[in-house]
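Trainee: My structure is in run_0.cif, and what it holds is mmCIF, C-alpha atoms:
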```
data_start
#
loop_
_atom_site.label_atom_id
_atom_site.label_comp_id
_atom_site.auth_asym_id
_atom_site.auth_seq_id
_atom_site.Cartn_x
_atom_site.Cartn_y
_atom_site.Cartn_z
CA MET A 269 104.92 125.48 79.43
CA LYS A 270 104.35 121.82 80.17
CA LEU A 271 104.05 119.75 76.99
CA GLY A 272 102.99 116.60 78.80
CA LYS A 273 105.12 114.08 76.89
CA SER A 274 107.01 111.77 79.24
CA ALA A 275 110.72 111.18 78.87
CA SER A 276 113.55 109.22 80.44
CA ILE A 277 117.32 109.11 79.97
CA GLN A 278 119.85 106.51 81.10
CA TYR A 279 123.31 108.06 81.37
CA GLY A 280 126.63 106.27 81.77
CA THR A 281 126.20 106.98 85.47
CA GLY A 282 122.74 107.77 86.75
CA ALA A 283 119.33 108.20 85.16
CA ILE A 284 116.38 110.60 85.11
CA SER A 285 112.73 110.55 84.13
CA GLY A 286 110.16 113.29 83.83
CA PHE A 287 108.28 115.18 81.15
CA PHE A 288 108.92 117.63 78.33
CA SER A 289 108.28 121.33 78.77
CA GLU A 290 109.01 124.40 76.67
CA ASP A 291 110.35 127.82 77.62
CA ASN A 292 112.84 130.49 76.65
CA VAL A 293 116.39 129.65 77.76
CA LYS A 294 118.93 132.34 78.57
CA MET A 295 122.67 131.65 78.43
CA GLY A 296 124.89 134.67 78.83
CA ASP A 297 123.40 137.34 76.57
CA LEU A 298 121.64 134.80 74.34
CA VAL A 299 117.95 133.97 74.67
CA VAL A 300 116.87 130.80 72.88
CA LYS A 301 113.14 130.90 72.26
CA ASN A 302 110.70 127.99 72.52
CA GLN A 303 113.29 125.50 73.69
CA GLU A 304 112.12 122.00 74.58
CA PHE A 305 113.67 120.50 77.69
CA ILE A 306 112.99 117.76 80.21
CA GLU A 307 111.79 118.56 83.70
CA ALA A 308 113.19 115.76 85.85
CA THR A 309 110.74 114.48 88.42
CA ASN A 310 112.67 111.34 89.33
CA GLU A 311 116.42 110.96 89.78
CA PRO A 312 116.88 107.50 91.32
CA GLY A 313 120.04 106.77 93.22
CA VAL A 314 122.73 109.08 94.47
CA THR A 315 124.44 110.19 91.27
CA PHE A 316 122.69 113.54 90.96
CA LEU A 317 122.55 114.03 94.71
CA LEU A 318 126.34 113.96 94.83
CA ALA A 319 126.75 116.02 91.67
CA LYS A 320 127.77 119.66 91.91
CA PHE A 321 125.43 120.82 89.15
CA ASP A 322 121.71 121.37 88.70
CA GLY A 323 121.15 120.09 85.19
CA ILE A 324 122.68 118.71 82.01
CA LEU A 325 123.05 120.71 78.80
CA GLY A 326 123.35 118.26 75.93
CA LEU A 327 125.50 119.39 73.00
CA GLY A 328 125.39 116.23 70.93
CA PHE A 329 123.53 115.76 67.66
CA GLN A 330 119.77 115.51 67.32
CA ASP A 331 120.24 111.95 66.07
CA ILE A 332 120.51 110.78 69.70
CA SER A 333 118.16 113.32 71.24
CA VAL A 334 115.43 111.79 73.42
CA GLY A 335 112.07 112.23 71.76
CA ASN A 336 113.87 113.77 68.78
CA ALA A 337 113.79 117.08 70.66
CA THR A 338 115.70 119.91 69.00
CA PRO A 339 118.90 120.54 70.98
CA VAL A 340 119.48 124.04 72.30
CA TRP A 341 122.57 124.32 70.10
CA TYR A 342 120.53 123.70 66.95
CA ASN A 343 118.07 126.41 67.97
CA MET A 344 120.89 128.89 68.54
CA VAL A 345 121.99 128.37 64.95
CA GLN A 346 118.49 128.29 63.44
CA GLN A 347 117.38 131.41 65.31
CA GLY A 348 120.45 133.33 64.12
CA LEU A 349 121.74 134.00 67.62
CA ILE A 350 125.40 133.32 66.86
CA LYS A 351 127.82 134.45 64.20
CA ASP A 352 129.42 131.11 63.37
CA PRO A 353 128.03 127.59 63.90
CA VAL A 354 130.86 126.72 66.28
CA PHE A 355 131.26 126.25 70.02
CA SER A 356 134.47 125.70 71.96
CA PHE A 357 135.68 124.51 75.37
CA TRP A 358 138.50 125.57 77.64
CA PHE A 359 139.07 124.07 81.10
CA ASN A 360 141.19 126.00 83.57
CA ARG A 361 143.57 123.45 85.09
CA ASN A 362 145.19 126.20 87.22
CA ALA A 363 141.99 127.25 88.93
CA HIS A 364 143.42 126.61 92.38
CA ASP A 365 146.80 128.26 91.87
CA GLU A 366 148.05 129.26 95.30
CA GLU A 367 149.47 132.48 93.86
CA GLU A 368 146.01 133.76 93.03
CA GLU A 369 144.57 136.19 95.50
CA GLU A 370 141.97 134.62 97.75
CA GLU A 371 139.37 137.27 97.05
CA GLU A 372 139.73 136.83 93.28
CA GLU A 373 136.96 134.69 91.84
CA GLU A 374 138.40 131.63 90.15
CA GLU A 375 137.37 130.88 86.59
CA GLY A 376 136.88 127.16 86.19
CA GLY A 377 136.71 127.28 82.41
CA GLU A 378 134.85 128.71 79.46
CA ILE A 379 132.43 127.62 76.77
CA VAL A 380 132.04 129.98 73.82
CA PHE A 381 128.96 129.72 71.61
CA GLY A 382 129.55 131.12 68.15
CA GLY A 383 133.33 131.15 68.07
CA VAL A 384 136.57 130.68 69.99
CA ASP A 385 138.60 132.65 72.52
CA PRO A 386 142.18 133.06 71.19
CA ASN A 387 143.43 133.70 74.72
CA HIS A 388 142.89 130.09 75.65
CA TYR A 389 144.92 128.14 73.11
CA LYS A 390 148.37 128.10 71.53
CA GLY A 391 149.20 127.57 67.88
CA GLU A 392 146.77 126.13 65.36
CA HIS A 393 144.02 123.59 65.82
CA THR A 394 144.28 120.15 64.27
CA TYR A 395 140.93 119.22 62.75
CA VAL A 396 139.39 115.83 62.04
CA PRO A 397 136.00 115.21 60.38
CA VAL A 398 133.01 113.91 62.28
CA THR A 399 132.60 110.32 61.11
CA GLN A 400 129.25 109.58 62.71
CA LYS A 401 126.60 111.91 64.05
CA GLY A 402 125.19 111.29 67.47
CA TYR A 403 128.21 112.01 69.61
CA TRP A 404 131.06 114.10 68.21
CA GLN A 405 132.81 111.03 66.82
CA PHE A 406 136.01 110.87 64.78
CA ASN A 407 138.82 108.49 63.84
CA MET A 408 141.87 108.17 66.09
CA ASP A 409 145.09 106.88 64.54
CA ASP A 410 147.22 105.57 67.40
CA VAL A 411 147.72 105.18 71.15
CA LEU A 412 151.28 105.45 72.45
CA ILE A 413 152.82 104.64 75.81
CA GLY A 414 156.22 106.16 76.50
CA GLY A 415 156.54 107.11 72.84
CA ASN A 416 155.96 103.56 71.61
CA THR A 417 152.90 102.58 69.62
CA THR A 418 150.59 100.03 71.18
CA GLY A 419 149.39 98.94 67.75
CA PHE A 420 145.85 99.02 69.12
CA CYS A 421 144.59 101.37 66.42
CA ALA A 422 146.30 99.65 63.50
CA ASP A 423 142.88 99.17 61.92
CA GLY A 424 141.60 102.49 63.20
CA CYS A 425 139.90 103.52 66.44
CA ALA A 426 136.60 105.30 66.85
CA ALA A 427 136.66 108.08 69.46
CA ILE A 428 134.43 110.81 70.79
CA VAL A 429 135.32 113.92 72.75
CA ASP A 430 132.94 114.53 75.62
CA SER A 431 133.04 117.18 78.34
CA GLY A 432 130.51 115.17 80.33
CA THR A 433 133.03 112.37 80.97
CA SER A 434 135.48 113.12 83.77
CA LEU A 435 138.16 110.58 82.89
CA LEU A 436 139.55 109.14 79.68
CA ALA A 437 137.83 105.88 78.80
CA GLY A 438 138.69 103.10 76.38
CA PRO A 439 138.41 99.35 75.78
CA THR A 440 139.44 97.20 78.73
CA SER A 441 142.34 95.47 76.98
CA ILE A 442 144.30 98.63 76.16
CA ILE A 443 143.32 100.54 79.31
CA THR A 444 144.65 97.60 81.33
CA GLU A 445 147.92 97.88 79.42
CA ILE A 446 148.13 101.62 80.08
CA ASN A 447 147.37 101.26 83.78
CA HIS A 448 149.92 98.48 84.09
CA ALA A 449 152.54 100.69 82.44
CA ILE A 450 151.93 103.53 84.89
CA GLY A 451 151.98 101.19 87.89
CA ALA A 452 148.32 101.44 88.80
CA SER A 453 146.85 98.81 91.06
CA GLY A 454 143.47 98.53 92.69
CA GLY A 455 144.79 97.12 95.94
CA GLY A 456 144.41 100.26 98.00
CA ILE A 457 140.88 100.96 96.86
CA SER A 458 139.94 97.32 97.22
CA LYS A 459 140.99 97.45 100.87
CA GLU A 460 139.13 100.68 101.52
CA CYS A 461 135.93 99.51 99.86
CA LYS A 462 135.96 96.12 101.53
CA ALA A 463 136.15 98.01 104.79
CA ILE A 464 133.27 100.24 103.72
CA VAL A 465 131.09 97.29 102.71
CA SER A 466 132.00 95.35 105.84
CA GLN A 467 131.14 98.15 108.25
CA PHE A 468 128.44 100.11 106.51
CA GLY A 469 126.90 97.89 103.82
CA GLU A 470 123.85 97.00 105.88
CA LEU A 471 123.31 100.62 106.86
CA ILE A 472 123.52 101.77 103.24
CA ILE A 473 121.08 99.07 102.15
CA GLY A 474 118.72 100.25 104.88
CA PHE A 475 118.71 103.69 103.32
CA LEU A 476 118.29 102.33 99.82
CA THR A 477 115.34 100.12 100.73
CA LYS A 478 113.63 103.15 102.20
CA GLU A 479 114.54 105.14 99.08
CA VAL A 480 116.47 107.63 101.18
CA TYR A 481 119.28 108.81 98.98
CA ASN A 482 120.80 111.67 100.94
CA ILE A 483 123.52 109.37 102.16
CA MET A 484 126.65 111.36 101.67
CA PHE A 485 125.87 110.88 104.98
CA VAL A 486 127.50 107.74 105.61
CA PHE A 487 131.02 108.39 104.82
CA PRO A 488 133.56 110.50 106.60
CA SER A 489 134.69 113.45 104.53
CA CYS A 490 133.94 111.76 104.17
CA ALA A 491 135.44 110.87 107.77
CA GLY A 492 133.49 112.79 110.34
CA ARG A 493 130.09 112.52 108.70
CA ILE A 494 129.49 108.83 109.02
CA GLU A 495 130.45 108.70 112.67
CA SER A 496 127.98 111.36 113.73
CA MET A 497 125.33 110.07 111.37
CA VAL A 498 125.54 106.46 112.52
CA ASP A 499 125.72 107.45 116.16
CA ASP A 500 122.61 109.59 115.74
CA LYS A 501 120.67 106.91 113.90
CA ASN A 502 121.38 103.75 115.82
CA GLY A 503 124.15 104.30 118.32
CA ASP A 504 126.60 102.01 116.54
CA LYS A 505 130.25 102.50 117.32
CA VAL A 506 132.27 103.43 114.26
CA SER A 507 135.96 102.61 113.95
CA ASP A 508 138.49 105.06 112.56
CA LEU A 509 137.84 104.54 108.84
CA ASN A 510 139.05 107.39 106.65
CA PRO A 511 138.60 106.68 102.92
CA ILE A 512 138.73 109.58 100.49
CA CYS A 513 135.44 111.04 99.29
CA THR A 514 135.94 110.00 95.69
CA ILE A 515 136.17 106.37 96.71
CA CYS A 516 133.20 106.75 99.03
CA GLU A 517 131.00 108.13 96.29
CA MET A 518 131.95 105.38 93.87
CA ALA A 519 131.36 102.74 96.52
CA ILE A 520 127.89 104.11 97.23
CA ILE A 521 126.93 104.07 93.56
CA TRP A 522 128.34 100.57 93.17
CA ILE A 523 126.44 99.28 96.22
CA GLU A 524 123.25 100.86 95.00
CA ASN A 525 123.51 99.30 91.54
CA LEU A 526 124.43 95.95 93.02
CA PHE A 527 121.55 96.03 95.47
CA ARG A 528 119.10 96.95 92.72
CA GLU A 529 120.09 93.75 90.95
CA ARG A 530 120.32 91.55 94.06
CA GLN A 531 117.53 92.59 96.37
CA ILE A 532 118.33 90.06 99.10
CA MET A 533 120.83 91.05 101.79
CA GLU A 534 122.43 87.60 102.00
CA GLN A 535 123.08 87.54 98.27
CA PHE A 536 124.55 91.01 98.43
CA VAL A 537 126.99 90.17 101.21
CA LYS A 538 128.09 86.97 99.48
CA TYR A 539 128.64 88.72 96.16
CA ALA A 540 130.38 91.69 97.77
CA SER A 541 133.00 89.43 99.28
CA GLN A 542 133.84 87.94 95.87
CA VAL A 543 133.81 90.97 93.58
CA LYS A 544 137.07 92.32 92.20
CA TYR A 545 136.78 95.92 93.29
CA GLN A 546 139.74 97.00 91.19
CA ASP A 547 137.76 96.08 88.09
CA ILE A 548 134.99 98.47 89.11
CA LEU A 549 136.65 101.41 90.78
CA ALA A 550 139.42 103.78 89.81
CA LEU A 551 142.99 102.53 90.19
CA LEU A 552 145.41 103.93 92.70
CA VAL A 553 148.99 104.83 91.87
CA ASP A 554 151.93 105.75 94.07
CA CYS A 555 151.98 109.54 94.36
CA GLU A 556 155.76 109.44 94.82
CA SER A 557 156.21 107.74 91.43
CA ILE A 558 154.36 110.23 89.24
CA SER A 559 157.52 111.86 87.86
CA SER A 560 158.82 108.50 86.60
CA MET A 561 155.63 107.44 84.82
CA PRO A 562 155.56 107.37 81.00
CA LYS A 563 153.75 109.84 78.81
CA VAL A 564 150.59 108.55 77.16
CA ALA A 565 149.73 109.99 73.76
CA PHE A 566 147.01 109.85 71.13
CA THR A 567 147.53 110.46 67.42
CA ILE A 568 144.64 112.38 65.89
CA GLY A 569 144.64 113.85 62.40
CA GLY A 570 148.32 113.02 62.01
CA LYS A 571 149.34 114.97 65.15
CA THR A 572 150.37 113.42 68.47
CA PHE A 573 148.67 114.79 71.58
CA GLU A 574 150.63 113.91 74.70
CA LEU A 575 149.51 113.66 78.30
CA ASP A 576 152.25 113.69 80.91
CA PRO A 577 151.75 111.98 84.29
CA HIS A 578 150.82 115.15 86.13
CA GLN A 579 148.05 115.65 83.59
CA TYR A 580 146.55 112.15 83.64
CA ILE A 581 146.90 111.43 87.36
CA LEU A 582 144.19 112.82 89.65
CA LYS A 583 145.39 113.77 93.12
CA VAL A 584 142.75 113.82 95.85
CA GLY A 585 143.52 115.23 99.28
CA GLU A 586 146.72 116.64 100.73
CA GLY A 587 149.63 115.48 102.82
CA ALA A 588 149.65 111.98 104.26
CA GLN A 589 146.00 111.47 103.30
CA ALA A 590 146.57 112.24 99.60
CA GLN A 591 145.57 109.57 97.11
CA CYS A 592 146.55 109.48 93.44
CA ILE A 593 144.21 107.92 90.93
CA SER A 594 144.69 106.94 87.30
CA GLY A 595 142.72 109.06 84.86
CA PHE A 596 142.29 106.06 82.54
CA THR A 597 139.20 103.93 83.02
CA ALA A 598 137.94 100.88 81.16
CA LEU A 599 134.64 101.14 79.29
CA ASP A 600 133.55 98.57 76.73
CA VAL A 601 130.94 100.12 74.46
CA PRO A 602 129.19 97.33 72.52
CA PRO A 603 128.65 97.39 68.74
CA PRO A 604 127.38 99.08 66.67
CA ARG A 605 128.50 102.21 68.58
CA GLY A 606 131.61 100.55 69.99
CA PRO A 607 134.33 99.80 70.59
CA LEU A 608 134.79 103.45 71.42
CA TRP A 609 137.27 105.75 73.10
CA ILE A 610 135.93 108.69 75.13
CA LEU A 611 138.31 111.60 75.47
CA GLY A 612 136.86 113.27 78.53
CA ASP A 613 138.01 116.04 80.83
CA VAL A 614 141.44 114.45 81.41
CA PHE A 615 142.15 115.12 77.72
CA MET A 616 140.09 118.29 77.22
CA GLY A 617 141.78 119.90 80.22
CA GLN A 618 145.02 119.95 78.26
CA TYR A 619 143.65 120.61 74.78
CA HIS A 620 141.32 123.43 73.80
CA THR A 621 138.51 121.86 71.80
CA ILE A 622 136.43 123.29 68.95
CA PHE A 623 133.16 121.68 67.90
CA ASP A 624 132.55 122.94 64.36
CA TYR A 625 128.94 122.25 63.44
CA GLY A 626 129.19 124.11 60.14
CA GLU A 627 132.10 122.06 58.78
CA MET A 628 131.24 118.88 60.75
CA ARG A 629 134.64 118.60 62.35
CA VAL A 630 136.41 118.68 65.72
CA GLY A 631 139.62 120.62 66.41
CA PHE A 632 142.28 120.39 69.13
CA ALA A 633 145.06 122.77 70.17
CA GLU A 634 147.22 123.10 73.27
CA ALA A 635 145.28 124.94 75.97
CA ALA A 636 146.63 128.19 77.36
#
```
Show this structure as structure tokens.
Mentor:
Amino acid sequence: MKLGKSASIQYGTGAISGFFSEDNVKMGDLVVKNQEFIEATNEPGVTFLLAKFDGILGLGFQDISVGNATPVWYNMVQQGLIKDPVFSFWFNRNAHDEEEEEEEEEEGGEIVFGGVDPNHYKGEHTYVPVTQKGYWQFNMDDVLIGGNTTGFCADGCAAIVDSGTSLLAGPTSIITEINHAIGASGGGISKECKAIVSQFGELIIGFLTKEVYNIMFVFPSCAGRIESMVDDKNGDKVSDLNPICTICEMAIIWIENLFRERQIMEQFVKYASQVKYQDILALLVDCESISSMPKVAFTIGGKTFELDPHQYILKVGEGAQAQCISGFTALDVPPPRGPLWILGDVFMGQYHTIFDYGEMRVGFAEAA
């Protein structure tokens, strides 16, 4: 049922606008009655076009809910649909194990509403209280590189755990230190993206000015797609550019945001030649050096949670075309919410996470 009230949301990447509606929502065997939700009628840009999902299920607190709408999780509790006011996450980091039979359907992970699955964690959970409602925010005690404290959290660090964030984000100063320690450098991506902007910037802008956003398109798989697409559209000859898709997608989003701010082509080209791409995009590391990189750890609730290099480095592609990318990204959240750490999927992939609404706490244990 359409309620008619308009709504809009600006995410960290991407935005939507639309209107509120109400309906019953079924998840697994649960049916949540009279649930408010937003029907998106406008999704500007390419973020949601490139995404491999159809919607966003918010599991934060009502304090940050748009229009003060009651989150689906609250309604589950209030309607007595679950036994305990708890939900938990497990990400399967072995989903593409070569030993699995091809015909066997891979399980990418699991979210349990109303409890936890003991098959997906080892030992006991370490709990910390929620310090501020909105996101699932808590205090973090320390950040360590190679077993040595950085001292960054001497006065305490605010952190949230968020399944909607792919990487692990933190303030620029300490993320720069971490990336330096693991040998990350933006040179490779800078070169790729300069090549992208040089060859295809005008073409991309042409699409954006016409509000045509199905431009995954322009980049070769990204390699073959742009060649056929450009040839079909305007007959231009395309050189043998072969950036990885992840870089392509980030470059598109960056170009779109930049163009939105700088509508004139000449200004865009001038600015594009000066920008420090490594400050915007993910940082490459040498795939051959992963085994020698230091562990990075976070102390939470008096317990140290380590990430080894194979857990915080993202490998994209195979063989000679493989690229390795740091899972640490800089994000400066301004006060009063920030500075803030975001422990996203890079962290949650290694640690089973419990969101305990009843006790207002978050718990972590080694994933299994």
Trainee: Quick one: residues within 9 Å of Asn292 (chain A), all atoms listed in the file counted, chain neighbours fewer than 3 positions away excluded, as an mmCIF file with C-alpha atoms, keeping the file's coordinate frame?
Mentor:
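So part.cif came out as:
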```
data_model
loop_
_atom_site.group_PDB
_atom_site.id
_atom_site.type_symbol
_atom_site.label_atom_id
_atom_site.label_comp_id
_atom_site.auth_asym_id
_atom_site.auth_seq_id
_atom_site.Cartn_x
_atom_site.Cartn_y
_atom_site.Cartn_z
ATOM 1 C CA VAL A 299 117.950 133.970 74.670
ATOM 2 C CA VAL A 300 116.870 130.800 72.880
ATOM 3 C CA LYS A 301 113.140 130.900 72.260
ATOM 4 C CA ASN A 302 110.700 127.990 72.520
ATOM 5 C CA GLN A 303 113.290 125.500 73.690
ATOM 6 C CA GLU A 304 112.120 122.000 74.580
#
```
Trainee: Within 12 Å of (153.6, 118.8, 67.6) (coordinates as in the file), grab all the protein and nucleic acid residues, counting all atoms listed in the file, and write them out as number ranges by chain.
Mentor: A: 390-394, 565-574, 632-634
Trainee: List as number ranges by chain the protein and nucleic acid residues near Gly432 (chain A), meaning an atom at most 8 Å away when only C-alpha atoms are counted, but skip any in the same chain fewer than 2 places from it.
Mentor: A: 430, 434, 612-613
Trainee: Got a sec to resolve the PyMOL selection byres ((chain A and resi 377) around 7) on this structure and send the residues as JSON, numbers by chain?
Mentor: {"A": [358, 359, 360, 375, 376, 378]}
Trainee: Residues of the last selection are to be written out with C-alpha atoms, as a PDB file, in the coordinates of the input.
Mentor:
```pdb
ATOM      1  CA  TRP A 358     138.500 125.570  77.640  1.00  0.00           C
ATOM      2  CA  PHE A 359     139.070 124.070  81.100  1.00  0.00           C
ATOM      3  CA  ASN A 360     141.190 126.000  83.570  1.00  0.00           C
ATOM      4  CA  GLU A 375     137.370 130.880  86.590  1.00  0.00           C
ATOM      5  CA  GLY A 376     136.880 127.160  86.190  1.00  0.00           C
ATOM      6  CA  GLU A 378     134.850 128.710  79.460  1.00  0.00           C
TER       7      GLU A 378
END
```
Trainee: Work out how far CA of Leu325 (chain A) is from CA of Thr338 (chain A), in Å to one decimal.
Mentor: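 According to the coordinates, CA of Thr338 (chain A) and CA of Leu325 (chain A) are separated by 12.3 Å.
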Trainee: Between CA of Ser441 (chain A) and CA of Phe420 (chain A), what is the distance, to one decimal in Å?
Mentor: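 Calculated distance between CA of Ser441 (chain A) and CA of Phe420 (chain A) is 9.3 Å.
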Trainee: CA of Met561 (chain A) to CA of Gly438 (chain A): how many Å, to one decimal?
Mentor: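 Distance between the two atoms: 19.4 Å.
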Trainee: Using the chain letters and numbers from the file, which residues does the PyMOL selection byres ((chain A and resi 621-631) around 8) grab, as an MDAnalysis selection string?
Mentor: chainID A and resid 352:358 384 393:398 404 406 616 619:620 632:633
Trainee: Dump C-alpha atoms for the selected residues as a PDB file, keeping the file's coordinate frame?
Mentor:
```
ATOM      1  CA  ASP A 352     129.420 131.110  63.370  1.00  0.00           C
ATOM      2  CA  PRO A 353     128.030 127.590  63.900  1.00  0.00           C
ATOM      3  CA  VAL A 354     130.860 126.720  66.280  1.00  0.00           C
ATOM      4  CA  PHE A 355     131.260 126.250  70.020  1.00  0.00           C
ATOM      5  CA  SER A 356     134.470 125.700  71.960  1.00  0.00           C
ATOM      6  CA  PHE A 357     135.680 124.510  75.370  1.00  0.00           C
ATOM      7  CA  TRP A 358     138.500 125.570  77.640  1.00  0.00           C
ATOM      8  CA  VAL A 384     136.570 130.680  69.990  1.00  0.00           C
ATOM      9  CA  HIS A 393     144.020 123.590  65.820  1.00  0.00           C
ATOM     10  CA  THR A 394     144.280 120.150  64.270  1.00  0.00           C
ATOM     11  CA  TYR A 395     140.930 119.220  62.750  1.00  0.00           C
ATOM     12  CA  VAL A 396     139.390 115.830  62.040  1.00  0.00           C
ATOM     13  CA  PRO A 397     136.000 115.210  60.380  1.00  0.00           C
ATOM     14  CA  VAL A 398     133.010 113.910  62.280  1.00  0.00           C
ATOM     15  CA  TRP A 404     131.060 114.100  68.210  1.00  0.00           C
ATOM     16  CA  PHE A 406     136.010 110.870  64.780  1.00  0.00           C
ATOM     17  CA  MET A 616     140.090 118.290  77.220  1.00  0.00           C
ATOM     18  CA  TYR A 619     143.650 120.610  74.780  1.00  0.00           C
ATOM     19  CA  HIS A 620     141.320 123.430  73.800  1.00  0.00           C
ATOM     20  CA  PHE A 632     142.280 120.390  69.130  1.00  0.00           C
ATOM     21  CA  ALA A 633     145.060 122.770  70.170  1.00  0.00           C
TER      22      ALA A 633
END
```
Trainee: Restricting the calculation to all atoms listed in the file: of A:Val380, A:Leu608, A:Ile350, A:Ala337, which residue gets closest to Pro439 (chain A)?
Mentor: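 Of A:Val380, A:Leu608, A:Ile350, A:Ala337, the one nearest Pro439 (chain A), counting all atoms listed in the file, is A:Leu608.
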Trainee: On this file, the PyMOL selection byres ((chain A and resi 335) around 12) gives some set of residues; write that set as a PyMOL selection string.
Mentor: chain A and resi 273-277+287-288+304-306+330-334+336-339
Trainee: With all atoms listed in the file as the basis for distance, which of A:Gln591, A:Lys351, A:Tyr279, A:Gly296 is at the shortest distance from Ile324 (chain A)?
Mentor: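 Selected residue with least distance to Ile324 (chain A): A:Tyr279.
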Trainee: Neighbours of His448 (chain A) within 12 Å (all atoms listed in the file; same-chain residues fewer than 3 positions away dropped), as a list in words?
Mentor: Ile413, Thr440, Ser441, Ile442, Ile443, Thr444, Glu445, Gly451, Ala452, Ser453, Gly454, Leu551, Leu552, Val553, Met561, Pro562, Ser594 and Phe596 of chain A
Trainee: My list of candidates is A:Cys555, A:Met344, A:Leu435, A:Ala636. Which is closest to Asn362 (chain A) when distances are computed with all atoms listed in the file?
Mentor: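 Closest to Asn362 (chain A), using all atoms listed in the file: A:Ala636.
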Trainee: With distances taken over only C-alpha atoms, which residue among A:Thr433, A:Thr417, A:Gln618, A:Gln347 lies nearest Leu298 (chain A)?
Mentor: A:Gln347
Trainee: Please produce region 293-305 of chain A, completed to N, CA, C and O atoms, as a tab-separated table (two decimals), keeping the file's coordinate frame.
Mentor:
```tsv
chain	number	residue	atom	x	y	z
A	293	VAL	N	115.20	129.99	76.98
A	293	VAL	CA	116.39	129.65	77.76
A	293	VAL	C	117.44	130.73	77.55
A	293	VAL	O	117.80	131.04	76.41
A	294	LYS	N	117.93	131.29	78.65
A	294	LYS	CA	118.93	132.34	78.57
A	294	LYS	C	120.30	131.80	78.98
A	294	LYS	O	120.44	131.20	80.04
A	295	MET	N	121.29	132.01	78.13
A	295	MET	CA	122.67	131.65	78.43
A	295	MET	C	123.55	132.83	78.07
A	295	MET	O	123.66	133.18	76.89
A	296	GLY	N	124.15	133.44	79.08
A	296	GLY	CA	124.89	134.67	78.83
A	296	GLY	C	123.95	135.73	78.32
A	296	GLY	O	122.91	136.00	78.93
A	297	ASP	N	124.27	136.31	77.17
A	297	ASP	CA	123.40	137.34	76.57
A	297	ASP	C	122.43	136.75	75.55
A	297	ASP	O	121.65	137.49	74.94
A	298	LEU	N	122.49	135.43	75.34
A	298	LEU	CA	121.64	134.80	74.34
A	298	LEU	C	120.34	134.30	74.97
A	298	LEU	O	120.34	133.76	76.07
A	299	VAL	N	119.24	134.50	74.25
A	299	VAL	CA	117.95	133.97	74.67
A	299	VAL	C	117.43	133.06	73.56
A	299	VAL	O	117.10	133.53	72.47
A	300	VAL	N	117.37	131.78	73.85
A	300	VAL	CA	116.87	130.80	72.88
A	300	VAL	C	115.38	130.63	73.12
A	300	VAL	O	114.95	130.26	74.22
A	301	LYS	N	114.59	130.91	72.11
A	301	LYS	CA	113.14	130.90	72.26
A	301	LYS	C	112.55	129.51	72.00
A	301	LYS	O	113.05	128.76	71.18
A	302	ASN	N	111.49	129.22	72.73
A	302	ASN	CA	110.70	127.99	72.52
A	302	ASN	C	111.57	126.73	72.55
A	302	ASN	O	111.48	125.88	71.68
A	303	GLN	N	112.39	126.63	73.57
A	303	GLN	CA	113.29	125.50	73.69
A	303	GLN	C	112.63	124.36	74.48
A	303	GLN	O	112.15	124.55	75.60
A	304	GLU	N	112.59	123.19	73.87
A	304	GLU	CA	112.12	122.00	74.58
A	304	GLU	C	113.19	121.54	75.57
A	304	GLU	O	114.38	121.60	75.29
A	305	PHE	N	112.75	121.07	76.72
A	305	PHE	CA	113.67	120.50	77.69
A	305	PHE	C	112.89	119.53	78.58
A	305	PHE	O	111.66	119.50	78.58
```
